[in-house]
$ cat entry_7.cif   # mmCIF, C-alpha atoms
data_data
loop_
_atom_site.label_atom_id
_atom_site.label_comp_id
_atom_site.auth_asym_id
_atom_site.auth_seq_id
_atom_site.Cartn_x
_atom_site.Cartn_y
_atom_site.Cartn_z
CA MET P 14 97.83 59.69 80.39
CA ILE P 15 94.30 59.25 81.78
CA GLY P 16 94.80 55.49 81.92
CA ALA P 17 98.04 55.82 83.90
CA THR P 18 96.45 58.30 86.32
CA TRP P 19 93.46 56.04 86.91
CA ARG P 20 95.77 53.08 87.46
CA ARG P 21 97.74 54.98 90.09
CA LEU P 22 94.57 56.15 91.79
CA ARG P 23 93.24 52.58 91.95
CA MET P 24 96.51 51.46 93.47
CA ALA P 25 96.41 54.21 96.09
CA VAL P 26 92.77 53.62 97.05
CA ALA P 27 93.24 49.85 97.29
CA LEU P 28 96.42 50.21 99.34
CA LEU P 29 95.30 52.87 101.81
CA THR P 30 91.58 52.21 102.35
CA ARG P 31 88.87 49.58 102.69
CA ILE P 32 86.94 51.14 99.84
CA PRO P 33 86.09 48.24 97.49
CA VAL P 34 88.40 49.17 94.64
CA ALA P 35 90.53 46.32 93.33
CA TYR P 36 94.19 46.54 92.44
CA PRO P 37 94.88 46.59 88.69
CA PRO P 38 95.15 42.95 87.56
CA ASP P 39 98.77 43.45 86.48
CA ALA P 40 99.81 45.46 89.54
CA ARG P 41 103.44 45.21 90.62
CA ASP P 42 105.51 46.49 93.53
CA ASP P 43 107.01 49.02 91.12
CA ASP P 44 103.60 50.70 90.91
CA ILE P 45 103.43 51.49 94.64
CA GLY P 46 105.79 54.47 94.53
CA PRO P 47 104.20 56.29 91.57
CA SER P 48 100.74 55.80 93.08
CA ALA P 49 101.88 58.07 95.94
CA ALA P 50 101.12 61.09 93.76
CA MET P 51 97.43 60.22 94.24
CA TYR P 52 97.56 59.93 98.03
CA PRO P 53 96.01 63.35 98.79
CA ILE P 54 93.05 62.43 96.58
CA VAL P 55 92.61 59.32 98.71
CA GLY P 56 92.69 61.71 101.67
CA VAL P 57 89.74 63.58 100.15
CA ALA P 58 87.79 60.30 99.97
CA VAL P 59 88.61 59.48 103.59
CA GLY P 60 87.62 63.00 104.61
CA ALA P 61 84.32 62.74 102.75
CA VAL P 62 83.43 59.59 104.69
CA THR P 63 84.25 61.19 108.03
CA ILE P 64 82.34 64.37 107.15
CA GLY P 65 79.28 62.32 106.26
CA ALA P 66 79.52 60.42 109.54
CA TYR P 67 79.93 63.61 111.58
CA TYR P 68 77.02 65.54 110.15
CA GLY P 69 74.85 62.43 109.93
CA ALA P 70 75.32 61.89 113.66
CA ALA P 71 74.83 65.62 114.31
CA ALA P 72 71.38 65.35 112.71
CA VAL P 73 70.42 62.76 115.33
CA TRP P 74 72.24 63.83 118.51
CA ASP P 75 72.74 67.21 120.14
CA GLY P 76 76.21 68.37 121.14
CA THR P 77 79.54 67.34 119.63
CA ALA P 78 80.41 64.13 121.48
CA MET P 79 78.50 61.65 119.32
CA PRO P 80 79.27 63.36 115.98
CA VAL P 81 83.00 63.39 116.81
CA ALA P 82 82.87 59.76 117.91
CA ALA P 83 81.05 58.81 114.69
CA ALA P 84 83.62 60.64 112.59
CA ILE P 85 86.55 58.92 114.31
CA VAL P 86 84.94 55.48 114.03
CA ALA P 87 84.27 56.10 110.34
CA TRP P 88 87.89 57.28 109.94
CA ILE P 89 89.15 54.02 111.40
CA ALA P 90 86.70 51.91 109.41
CA VAL P 91 87.43 53.42 105.99
CA THR P 92 91.19 52.98 106.46
CA GLY P 93 90.99 49.64 108.22
CA GLY P 94 93.04 51.06 111.08
CA LEU P 95 96.10 50.69 108.86
CA HIS P 96 97.91 53.80 110.00
CA LEU P 97 96.92 53.42 113.65
CA ASP P 98 98.55 49.99 113.54
CA GLY P 99 101.71 51.62 112.20
CA LEU P 100 101.52 54.26 114.93
CA MET P 101 101.40 51.61 117.64
CA ASP P 102 104.27 49.59 116.20
CA ALA P 103 106.39 52.71 115.72
CA ALA P 104 105.75 53.84 119.30
CA ASP P 105 106.71 50.44 120.70
CA GLY P 106 110.03 50.53 118.89
CA LEU P 107 110.97 54.18 119.09
CA PHE P 108 110.18 54.59 122.78
CA SER P 109 111.94 51.40 123.80
CA HIS P 110 115.29 53.25 124.08
CA ARG P 111 117.11 50.22 122.71
CA PRO P 112 119.70 49.87 119.93
CA ARG P 113 118.53 50.49 116.38
CA SER P 114 118.36 46.82 115.44
CA ASP P 115 116.20 46.04 118.48
CA LYS P 116 113.84 48.92 117.69
CA LEU P 117 113.29 47.55 114.18
CA ARG P 118 112.74 44.05 115.56
CA ILE P 119 110.19 45.32 118.10
CA MET P 120 108.33 47.25 115.42
CA LYS P 121 108.01 44.09 113.35
CA ASP P 122 106.47 42.15 116.25
CA PRO P 123 102.69 41.88 115.64
CA GLN P 124 101.95 42.09 119.37
CA VAL P 125 101.20 45.55 120.77
CA GLY P 126 103.24 46.70 123.76
CA ALA P 127 102.58 49.29 126.44
CA PHE P 128 104.04 52.19 124.44
CA GLY P 129 101.89 51.34 121.44
CA ALA P 130 98.71 51.10 123.52
CA VAL P 131 99.43 54.43 125.21
CA ALA P 132 100.22 56.10 121.87
CA LEU P 133 96.93 54.87 120.41
CA ALA P 134 94.95 56.12 123.40
CA VAL P 135 96.68 59.52 123.41
CA VAL P 136 96.17 60.08 119.68
CA LEU P 137 92.49 59.11 119.75
CA ILE P 138 91.83 61.27 122.83
CA LEU P 139 93.62 64.27 121.32
CA LYS P 140 91.88 63.76 118.00
CA ALA P 141 88.48 63.71 119.70
CA ALA P 142 89.31 66.71 121.89
CA SER P 143 90.70 68.81 119.05
CA LEU P 144 87.73 68.09 116.78
CA SER P 145 85.33 68.87 119.63
CA ALA P 146 86.96 72.29 120.00
CA VAL P 147 86.22 73.24 116.38
CA PRO P 148 82.78 74.88 115.84
CA PRO P 149 80.43 72.40 114.13
CA HIS P 150 79.88 74.61 111.09
CA ARG P 151 83.54 74.26 110.09
CA VAL P 152 84.50 70.84 111.40
CA TRP P 153 84.25 69.65 107.81
CA LYS P 154 87.35 71.64 106.93
CA ALA P 155 89.46 69.87 109.55
CA LEU P 156 88.02 66.47 108.62
CA LEU P 157 88.74 67.08 104.95
CA MET P 158 92.23 68.51 105.30
CA ALA P 159 93.72 66.28 108.00
CA PRO P 160 93.63 63.09 105.86
CA MET P 161 95.08 65.01 102.92
CA PHE P 162 97.92 66.48 104.98
CA GLY P 163 98.69 63.10 106.52
CA ARG P 164 99.03 61.38 103.18
CA LEU P 165 101.08 64.22 101.74
CA GLY P 166 103.40 63.75 104.71
CA MET P 167 103.80 60.07 103.83
CA VAL P 168 104.79 60.94 100.26
CA TYR P 169 107.33 63.49 101.50
CA ALA P 170 108.81 61.05 104.01
CA GLY P 171 109.14 58.31 101.40
CA ALA P 172 111.07 60.59 99.06
CA ALA P 173 113.18 62.35 101.70
CA TYR P 174 114.51 59.39 103.70
CA PRO P 175 115.86 55.92 102.92
CA TYR P 176 114.09 52.75 103.96
CA ALA P 177 115.45 51.45 107.25
CA ARG P 178 114.96 47.71 106.72
CA PRO P 179 117.52 46.00 104.47
CA GLU P 180 115.07 43.20 103.63
CA GLY P 181 112.73 45.65 101.91
CA GLY P 182 109.05 44.72 101.70
CA MET P 183 106.08 46.81 100.61
CA GLY P 184 107.39 49.85 102.49
CA GLY P 185 110.73 49.39 100.78
CA ALA P 186 109.07 49.25 97.36
CA PHE P 187 107.29 52.49 98.22
CA ALA P 188 110.44 54.29 99.40
CA GLU P 189 112.47 53.09 96.44
CA ARG P 190 110.02 54.28 93.81
CA VAL P 191 108.49 57.44 95.25
CA TRP P 192 110.28 60.45 93.76
CA TRP P 193 110.22 64.19 94.28
CA THR P 194 108.05 64.56 91.18
CA HIS P 195 105.39 62.52 93.00
CA VAL P 196 105.79 64.78 96.02
CA GLY P 197 105.27 67.77 93.74
CA VAL P 198 102.05 66.38 92.26
CA ALA P 199 100.73 65.47 95.71
CA ALA P 200 101.64 68.91 97.07
CA PHE P 201 99.99 70.65 94.11
CA THR P 202 96.76 68.72 94.67
CA THR P 203 96.80 69.62 98.35
CA LEU P 204 97.46 73.30 97.65
CA VAL P 205 94.58 73.42 95.16
CA ALA P 206 92.25 71.94 97.78
CA CYS P 207 93.43 74.46 100.38
CA THR P 208 92.79 77.29 97.93
CA LEU P 209 89.28 76.07 97.15
CA VAL P 210 88.35 75.91 100.83
CA ARG P 211 89.17 79.64 101.12
CA ASP P 212 89.96 79.82 104.81
CA VAL P 213 93.21 81.20 106.22
CA ARG P 214 92.99 78.68 109.07
CA VAL P 215 93.54 75.91 106.56
CA TRP P 216 96.88 77.42 105.58
CA ALA P 217 97.83 77.68 109.26
CA ALA P 218 96.97 73.99 109.67
CA LEU P 219 99.01 73.06 106.60
CA LEU P 220 102.01 74.96 107.92
CA ALA P 221 101.72 73.38 111.38
CA CYS P 222 101.37 69.88 109.93
CA GLY P 223 104.30 70.47 107.58
CA VAL P 224 106.59 71.62 110.38
CA PHE P 225 105.57 68.72 112.60
CA THR P 226 106.03 66.17 109.82
CA PHE P 227 109.47 67.52 108.96
CA TRP P 228 110.55 67.40 112.61
CA ALA P 229 109.04 63.99 113.39
CA ALA P 230 110.33 62.31 110.23
CA ARG P 231 113.82 63.62 110.88
CA ARG P 232 113.81 62.41 114.48
CA MET P 233 112.54 58.96 113.53
CA ALA P 234 115.02 58.62 110.67
CA ARG P 235 117.90 59.48 113.00
CA SER P 236 116.73 56.88 115.49
CA LEU P 237 116.17 54.09 112.97
CA GLY P 238 118.64 54.91 110.20
CA GLY P 239 115.72 55.62 107.88
CA LEU P 240 111.97 55.15 107.90
CA THR P 241 109.64 52.15 107.70
CA GLY P 242 106.04 51.45 106.84
CA ASP P 243 105.12 51.82 110.50
CA THR P 244 106.63 55.30 110.71
CA TYR P 245 104.76 56.30 107.56
CA GLY P 246 101.57 55.31 109.36
CA ALA P 247 102.51 57.34 112.42
CA LEU P 248 103.19 60.40 110.26
CA CYS P 249 99.85 59.94 108.53
CA GLU P 250 97.96 59.96 111.84
CA ALA P 251 99.59 63.08 113.28
CA PRO P 252 97.62 65.68 111.25
CA GLY P 253 94.41 64.25 112.68
CA VAL P 254 95.49 65.94 115.91
CA VAL P 255 97.58 68.85 114.59
CA ALA P 256 95.22 70.14 111.89
CA PRO P 257 92.15 70.74 114.09
CA ILE P 258 94.29 72.38 116.77
CA ALA P 259 96.05 74.64 114.25
CA SER P 260 92.79 75.57 112.54
CA GLY P 261 91.65 77.24 115.79
CA GLY P 262 88.55 76.34 117.73
CA ALA P 263 87.37 79.57 119.25
CA ALA P 264 87.29 81.91 116.28
CA PRO P 265 83.93 82.30 114.50
#

$ encode --input "entry_7.cif" --output "structure tokens"
Amino acid sequence: MIGATWRRLRMAVALLTRIPVAYPPDARDDDIGPSAAMYPIVGVAVGAVTIGAYYGAAAVWDGTAMPVAAAIVAWIAVTGGLHLDGLMDAADGLFSHRPRSDKLRIMKDPQVGAFGAVALAVVLILKAASLSAVPPHRVWKALLMAPMFGRLGMVYAGAAYPYARPEGGMGGAFAERVWWTHVGVAAFTTLVACTLVRDVRVWAALLACGVFTFWAARRMARSLGGLTGDTYGALCEAPGVVAPIASGGAAP
């Protein structure tokens, strides 16, 4: 049991981050789906890196601008920009207003278009603004929870919707093998973390992120006939904006 859990955690960390953890030597595509149960734990690791960057910068600079910038740069670095890349590709395809097959073709193109560039800029600006609005003494809660909520959203989306590309790929292996039991484990981990934080704002952020993820995944699936790896990335990035806003900036 412990060996299987550790194997899945290694798979999740290696897949979703730049943390130097190697895939198991006998890793297969069939392992990608079950590793999704560990995604919120990976979110905790990502959050820990961003929290360290934020408060490390806050010890050097006054104000919130540099700490927020440091946290966002660390966020990008620890994930390798993986989900931001998916966000850009998804935006290029979904906002093209073309037939479904053309949207999928555009999303597969490695070049970034205007919609993708605008989506990246908007998300980073909103992420910086929303984090800046949270009082420094509780920014850590938003930085911890947003990566967890984003990765829980990916697990939900993989289980709830079919894969849109007939040729499969890594995203297809994920969607084919992630089950509702994995969603349940990931949700349980997230709920435990929310309980330990002991702040009602965290529950408000979880609810807001859940509603947004449900709505966005449904809209994307209708447009594409399912979801893809790029849309999973877009869903993962959204709580970085939604969670700090929902957690409330003005309250003490």

$ resolve_selection --input "entry_7.cif" --expression "the PyMOL selection byres ((chain P and resi 219) around 9)" --output "list of chain:residue names"
P:Met158, P:Ala159, P:Phe162, P:Cys207, P:Arg214, P:Val215, P:Trp216, P:Ala217, P:Ala218, P:Leu220, P:Ala221, P:Cys222, P:Gly223, P:Val224, P:Pro252, P:Ala256, P:Ala259, P:Ser260

$ write_last_selection --input "entry_7.cif" --atoms "C-alpha atoms" --output "PDB file, in the frame of the given file"
ATOM      1  CA  MET P 158      92.230  68.510 105.300  1.00  0.00           C
ATOM      2  CA  ALA P 159      93.720  66.280 108.000  1.00  0.00           C
ATOM      3  CA  PHE P 162      97.920  66.480 104.980  1.00  0.00           C
ATOM      4  CA  CYS P 207      93.430  74.460 100.380  1.00  0.00           C
ATOM      5  CA  ARG P 214      92.990  78.680 109.070  1.00  0.00           C
ATOM      6  CA  VAL P 215      93.540  75.910 106.560  1.00  0.00           C
ATOM      7  CA  TRP P 216      96.880  77.420 105.580  1.00  0.00           C
ATOM      8  CA  ALA P 217      97.830  77.680 109.260  1.00  0.00           C
ATOM      9  CA  ALA P 218      96.970  73.990 109.670  1.00  0.00           C
ATOM     10  CA  LEU P 220     102.010  74.960 107.920  1.00  0.00           C
ATOM     11  CA  ALA P 221     101.720  73.380 111.380  1.00  0.00           C
ATOM     12  CA  CYS P 222     101.370  69.880 109.930  1.00  0.00           C
ATOM     13  CA  GLY P 223     104.300  70.470 107.580  1.00  0.00           C
ATOM     14  CA  VAL P 224     106.590  71.620 110.380  1.00  0.00           C
ATOM     15  CA  PRO P 252      97.620  65.680 111.250  1.00  0.00           C
ATOM     16  CA  ALA P 256      95.220  70.140 111.890  1.00  0.00           C
ATOM     17  CA  ALA P 259      96.050  74.640 114.250  1.00  0.00           C
ATOM     18  CA  SER P 260      92.790  75.570 112.540  1.00  0.00           C
TER      19      SER P 260
END

$ residues_around --input "entry_7.cif" --residues "range 78-89 of chain P" --least-positions-apart "4" --cutoff "7 Å" --atoms "only C-alpha atoms" --output "list of chain:residue names"
P:Val59, P:Val62, P:Thr63, P:Ile64, P:Ala66, P:Tyr67, P:Tyr68, P:Ala70, P:Ala71, P:Trp74, P:Gly93, P:Gly94, P:Ala141, P:Leu144, P:Ser145

$ write_last_selection --input "entry_7.cif" --atoms "C-alpha atoms" --output "mmCIF file, keeping the file's coordinate frame"
data_model
loop_
_atom_site.group_PDB
_atom_site.id
_atom_site.type_symbol
_atom_site.label_atom_id
_atom_site.label_comp_id
_atom_site.auth_asym_id
_atom_site.auth_seq_id
_atom_site.Cartn_x
_atom_site.Cartn_y
_atom_site.Cartn_z
ATOM 1 C CA VAL P 59 88.610 59.480 103.590
ATOM 2 C CA VAL P 62 83.430 59.590 104.690
ATOM 3 C CA THR P 63 84.250 61.190 108.030
ATOM 4 C CA ILE P 64 82.340 64.370 107.150
ATOM 5 C CA ALA P 66 79.520 60.420 109.540
ATOM 6 C CA TYR P 67 79.930 63.610 111.580
ATOM 7 C CA TYR P 68 77.020 65.540 110.150
ATOM 8 C CA ALA P 70 75.320 61.890 113.660
ATOM 9 C CA ALA P 71 74.830 65.620 114.310
ATOM 10 C CA TRP P 74 72.240 63.830 118.510
ATOM 11 C CA GLY P 93 90.990 49.640 108.220
ATOM 12 C CA GLY P 94 93.040 51.060 111.080
ATOM 13 C CA ALA P 141 88.480 63.710 119.700
ATOM 14 C CA LEU P 144 87.730 68.090 116.780
ATOM 15 C CA SER P 145 85.330 68.870 119.630
#

$ residues_around --input "entry_7.cif" --residues "Thr18 in chain P" --least-positions-apart "2" --cutoff "12 Å" --atoms "only C-alpha atoms" --output "CSV table (one decimal) with C-alpha atoms, in the frame of the given file"
chain,number,residue,atom,x,y,z
P,14,MET,CA,97.8,59.7,80.4
P,15,ILE,CA,94.3,59.2,81.8
P,16,GLY,CA,94.8,55.5,81.9
P,20,ARG,CA,95.8,53.1,87.5
P,21,ARG,CA,97.7,55.0,90.1
P,22,LEU,CA,94.6,56.2,91.8
P,23,ARG,CA,93.2,52.6,92.0
P,24,MET,CA,96.5,51.5,93.5
P,25,ALA,CA,96.4,54.2,96.1
P,44,ASP,CA,103.6,50.7,90.9
P,47,PRO,CA,104.2,56.3,91.6
P,48,SER,CA,100.7,55.8,93.1
P,49,ALA,CA,101.9,58.1,95.9
P,50,ALA,CA,101.1,61.1,93.8
P,51,MET,CA,97.4,60.2,94.2
P,52,TYR,CA,97.6,59.9,98.0
P,54,ILE,CA,93.0,62.4,96.6
P,195,HIS,CA,105.4,62.5,93.0
P,198,VAL,CA,102.0,66.4,92.3

$ closest_residue --input "entry_7.cif" --among "P:Val255, P:Pro175, P:Gly246, P:Thr194" --to "Arg231 in chain P" --atoms "all atoms listed in the file"
P:Pro175

$ resolve_selection --input "entry_7.cif" --expression "the PyMOL selection byres ((chain P and resi 184-191) around 8)" --output "short mmCIF file (atom, residue, chain, number, x, y, z; two decimals) with C-alpha atoms, in the frame of the given file"
data_model
loop_
_atom_site.label_atom_id
_atom_site.label_comp_id
_atom_site.auth_asym_id
_atom_site.auth_seq_id
_atom_site.Cartn_x
_atom_site.Cartn_y
_atom_site.Cartn_z
CA ASP P 42 105.51 46.49 93.53
CA ASP P 43 107.01 49.02 91.12
CA ASP P 44 103.60 50.70 90.91
CA ILE P 45 103.43 51.49 94.64
CA GLY P 46 105.79 54.47 94.53
CA PRO P 47 104.20 56.29 91.57
CA ALA P 49 101.88 58.07 95.94
CA VAL P 168 104.79 60.94 100.26
CA GLY P 171 109.14 58.31 101.40
CA ALA P 172 111.07 60.59 99.06
CA TYR P 174 114.51 59.39 103.70
CA PRO P 175 115.86 55.92 102.92
CA TYR P 176 114.09 52.75 103.96
CA ARG P 178 114.96 47.71 106.72
CA GLY P 181 112.73 45.65 101.91
CA GLY P 182 109.05 44.72 101.70
CA MET P 183 106.08 46.81 100.61
CA TRP P 192 110.28 60.45 93.76
CA TRP P 193 110.22 64.19 94.28
CA HIS P 195 105.39 62.52 93.00
CA VAL P 196 105.79 64.78 96.02
CA THR P 241 109.64 52.15 107.70
CA GLY P 242 106.04 51.45 106.84
#

$ atom_distance --input "entry_7.cif" --atom1 "CA of Phe108 in chain P" --atom2 "CA of Asp122 in chain P"
14.5 Å

$ closest_residue --input "entry_7.cif" --among "P:Thr203, P:His96, P:Ala234, P:Leu157" --to "Ala251 in chain P" --atoms "all atoms listed in the file"
P:His96
